[in-house]
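Report on the following structure.
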Amino acid sequence: MSDHASVTAPSAPTRSTNRAFSVFAVLLLAAGALSAFAVGSWLPDRDNDNLLWTGPLLVVGFLLAEQLAINVDVRSGVAWTISFTEIPLVLGLLVAPFEVVLAAHVVAGVGTLLGRRVLDRAVYNAGLMFMEISVAFAVAHSVTEFVGDGGPFWAGAFLGTIAVPLLASVLGLAALRLMGKGMRVAPSLRLVFQTLVVALLNTSAGLAGYEIATKAPWGGVLIALVFAGITAIYLAYSGLLREQRDLEALSEVSLRVARSGRHVTGPRGASPEDDDGQAEDDEWQLIAERIREQLNANRVVLRLRTDPQAPMRTLVAGEPLPPGMRRDDPRQLREDAMLQLPGSQVRYFRIVDAGEDVSEALSRRDVQEALVVPLRGATQLLGAVEVHDRLSRWRGFGKADLQLLRTLASHLSTAVDNRRLLARLRHDAYHDPLTGLLNRPGFREAANEPMREADTSVVVRIDLDVLSTVSDALGQAWGNRMVVAAGRRLRDELGPEVPLARLEGGAFAALLLDRQAERMQEIAERLRTALSVPYPVDRLTVEAGAVVGWASTANCEIEDPDPDALLQRADVAVRATSEGEPLRAYAPSMGQIFLRRFQLVTQFRSALESGQVSVHYQPKVALPSRQVIGAEALVRWKHPEFGRVDPDEFVPAVEATGLVDVLTDFVMDKALERVSRWIDRGLRMSIAVNLSVRTLADEEFPNRVAAALTKHQVPPELLTFELTESGVMADPERALPVLRRLHTMGVVLAVDDFGTGYSSLAYLRQLPVDEVKIDKSFVLGMGTDLGDMAVVRSIVELGHSLSLTVVAEGVEDDAARDQLVSMGCDVAQGYLISRPLSEERFEAWLRARTVQVRGARDETVLTLVH
């Protein structure tokens with residue numbers, strides 16, 4: 001930007017900042033021209049009989065000063081230019097008129113710009129030249145008048161010359177700030193001080209040379225020899241300094257390339273945005289920044305394809321690319337004239353002498369000049385490096401820049417080619433060649449780290465049936481096609497982020513974590529359904545089936561669970577599946593599961609008769625009134641040999657053997673008996689009973705309900721049946737007529753575990769329901785997960801929009817209750833209120849925790865005591 005320093009910063013100039021700089025440059029040119037006219041009119045005429053040689057010598061001096069300048073990269077984005085401009089300037093102040101020095105300076109500056117075809121800041125440079133000479137002569141004349149004949153004759157020329165680099169630095173810093181590339185105060189002051197030191201040295205050398213040349217015999221020859229020696233030293237020093245910094249840059253880039261290779265470990269594909277990929281991008285970004293810094297460029301664009309399985313990606317260091325340029329569009333890259341490069345040589349493009357296609361490409365990038373070098377591997381193009389606009393007032397890119405970029409490109413090409421080879425080897429080592437999914441070692445590597453970080457991990461094994469039959473009948477090729485199709489279906493169901501592997505034959509494995517693991521039953525059913533869709537095979541349609549088994553860290557007694565341990569248990573679960581139960585979760589007692597299940601089923605009827613099976617009650621409280629409005633009836637079994645049997649264990653067994661109607665009638669009878677007793681005491685509280693999928697398919701069930709209500713003399717509105725969406729939608733043609741009959745009777749119907757099944761407005765509107773129960777997993781997560789809170793709020797709003805009562809289960813703390821109150825939730829249920837209690841303990845809880853008050857319709861209601 002100035003004769004003495006050019007400064008940049010990484011911030012990107014916008015159109016507004018470029019416009020501000022253009023206005024500043026025009027104002028500077030106008031001010032420079034006016035100041036030159038004013039100073040020329042104000043200064044007295046200086047007699048000089050040597051104008052014929054003074055003018056040309058000053059022009060030569062200014063040209064040499066600029067040609068011999070040394071550009072030193074101070075820090076990232078800052079270039080300091082050391083030149084001899086002060087020497088011809090101080091001599092001109094001593095021996096030549098104002099107009100001659102001004103003309104010599106402008107001719108030399110404009111000639112240098114034209115010679116190098118650097119015209120993008122010509123207006124600013126011209127204005128600066130006028131201002132520099134005008135200020136120099138004004139200060140020199142003023143100081144000379146002030147000092148008079150008694151002072152040193154060179155005082156005015158000395159101070160006038162020193163004022164020029166100070167002015168140029170201040171104007172340069174101001175221009176940079178207008179361009180959005182301003183420096184902080186401390187670096188700016190340090191730069192001005194360094195510029196002043198160089199100016200003092202050059203000015204003193206010029207004055208000393210003048211004295212020697214004018215006072216000593218043959219002094220001019222002596223000065224010429226000294227100047228030639230100093231010039232040679234400067235040029236040698238500049239070359240050595242550039243070579244040293246180039247070697248440092250090469251060493252640093254090589255080190256970073258090697259460091260980026262450390263991130264190529266393990267199978268890729270467990271996550272599309274994993275930490276290794278981000279760390280690799282960070283390293284390449286630093287490499288691009290280092291290239292930009294060394295070449296003192298405004299922008300470096302690094303286009304790379306380090307992984308043959310991934311698309312080419314683009315990294316930009318410095319000023320961002322213009323918004324209109326699509327950086328990763330393959331078609332645009334193929335058609336870009338600057339990127340259609342044969343060989344591996346560095347190409348230098350300048351907009352002033354480029355052809356139409358290249359000029360258009362440069363314009364799209366908003367640059368005046370660019371170095372472009374392709375990165376070529378052994379067989380194909382791996383990418384390209386683009387270097388845009390050297391940050392210097394005078395100089396464009398030189399031979400040293402081209403040589404450095406050529407060497408850097410060779411290093412990068414080798415590194416990228418090695419990375420691609422390593423990526424291919426890594427992919428083949430960890431992936432199944434037939435399906436492209438992970439293989440067993442790849443699954444182990446992909447699952448290790450996520451399992452350590454997750455609270456709950458589930459390894460799922462899915463086996464495709466009839467595969468061997470197809471292979472035997474039609475050949476291995478058709479069996480392979482079924483395997484590939486099955487792998488695609490599983491990937492579509494699970495999504496790209498889930499580690500999925502083909503183990504062998506038609507066996508697959510997947511890893512599910514945390515929230516997905518909580519929905520394992522639903523996911524397993526989806527996977528089985530997806531694989532059971534018929535496969536088109538050579539104009540035939542092959543009916544297939546699938547079995548699914550899984551093992552969870554929550555259920556496996558393993559101190560340090562790993563993928564192999566869970567996969568082994570998932571295999572056991574798969575072997576425990578049957579035609580009637582194709583989905584199985586591993587249990588520690590899986591080896592004895594069939595014996596235990598047989599005992600439970602055969603003993604269930606006697607357990608009902610002997611009192612081993614009982615009904616517990618969990619209260620439900622209205623919000624915010626805290627009125628106890630009823631309870632949910634929950635079945636419990638205390639086995640004399642097994643102890644307390646989990647309902648999740650014996651209820652499915654009972655359902656599978658056709659005894660679910662007996663269980664449902666038992667719970668409904670006990671529950672209605674309890675409601676009848678409350679009515680006798682003047683309490684109007686309802687009871688909720690869970691319904692099985694098989695019960696919903698029983699057309700006689702509404703008749704049994706009506707008989708039970710009549711037997712206990714309970715109004716139907718005090719009986720609630722809770723059902724799951726998945727249960728209804730398993731066979732909606734049979735379930736919906738039963739539900740409509742129950743609803744017509746006046747029985748309250750509630751959708752249980754809402755949010756985990758179909759949970760859509762379309763399904764909800766099909767069901768004749770009165771309530772929705774928010775699944776406890778969302779309620780428990782409200783305090784720590786904003787997503788869960790949003791789900792709960794949405795369900796409350798959806799339920800109210802459909803005139804449904806909204807019940808939240810799993811309320812375990814005051815904060816959750818208060819949040820539900822603020823959302824307008826109607827009813828709460830959970831451990832904060834009470835755990836499920838036996839009949840006797842529930843009555844004791846009502847006496848201890850509630851008070852009787854008169855309700856709005858003059859009935860007795862129970863309200864929780866604060």
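So you can find residues: chains in the structure tokens are A, B, ... in the order shown, residues in each start at 1, and ligands are numbered from 1 in order.
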Item checked: Polymer residues at most 7 Å from segment 448-463 of chain A, only C-alpha atoms, same-chain spacing of 4 or more positions, as a VMD selection string -> chain A and resid 444 506 to 514 517 546 to 554 562 to 563 566 to 567 570 to 571
Margin query: Just want the 10 Å neighbourhood of Glu504 of chain A, counted on only C-alpha atoms, with same-chain residues fewer than 6 positions away dropped. Output as a ChimeraX atom specification.
Written below: /A:432,439-440,463,483
Please produce a file of the residues just selected, as a PDB file, in the first residue's frame, where the atoms kept are N, CA and C atoms.
```pdb
ATOM      1  N   ASP A 432     -17.187 -54.688   3.906  1.00  0.00           N
ATOM      2  CA  ASP A 432     -17.586 -55.880   3.160  1.00  0.00           C
ATOM      3  C   ASP A 432     -17.564 -55.553   1.671  1.00  0.00           C
ATOM      4  N   ASN A 439     -17.505 -54.656   7.767  1.00  0.00           N
ATOM      5  CA  ASN A 439     -17.390 -56.081   8.062  1.00  0.00           C
ATOM      6  C   ASN A 439     -17.238 -56.254   9.578  1.00  0.00           C
ATOM      7  N   ARG A 440     -16.944 -57.452  10.036  1.00  0.00           N
ATOM      8  CA  ARG A 440     -16.884 -57.683  11.479  1.00  0.00           C
ATOM      9  C   ARG A 440     -15.778 -56.851  12.145  1.00  0.00           C
ATOM     10  N   ASP A 463     -30.927 -61.598  10.945  1.00  0.00           N
ATOM     11  CA  ASP A 463     -30.642 -62.707  10.038  1.00  0.00           C
ATOM     12  C   ASP A 463     -31.738 -62.831   8.988  1.00  0.00           C
ATOM     13  N   VAL A 483     -28.710 -60.281  -0.699  1.00  0.00           N
ATOM     14  CA  VAL A 483     -27.943 -59.719   0.418  1.00  0.00           C
ATOM     15  C   VAL A 483     -27.736 -58.218   0.216  1.00  0.00           C
TER      16      VAL A 483
END
```
Check: Neighbours of segment 98-104 of chain A within 8 Å (only C-alpha atoms; same-chain residues fewer than 4 positions away dropped), as a PyMOL selection string?
Finding: chain A and resi 40+51+55-56+58-59+62+89+92-93+108+129-130+133-134+137
Note to self: From a backbone DSSP assignment, name each residue in segment 609-821 of chain A labelled helix (DSSP H, G or I), as a PyMOL selection string.
What the structure shows: chain A and resi 609-610+647-656+660-680+693-696+701-712+716-718+725-730+732-745+761-766+776-780+786-801+814-821
Next item on the list: Mind the document's chain letters and residue numbers, and return as a PyMOL selection string the residues of segment 784-854 of chain A that DSSP labels strand (DSSP E).
Entry: chain A and resi 805-809+827-829+850-854
Next item on the list: Extract, using only C-alpha atoms, all DNA, RNA and protein residues at most 8 Å from Leu159 of chain A, discarding same-chain residues fewer than 2 positions from it, and format them as a list of chain:residue names.
Entry: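 My list of contacting residues is A:Ala136, A:Val139, A:Ala140, A:Val143, A:Ala155, A:Gly156, A:Ala157, A:Thr161, A:Ile162, A:Ala163.
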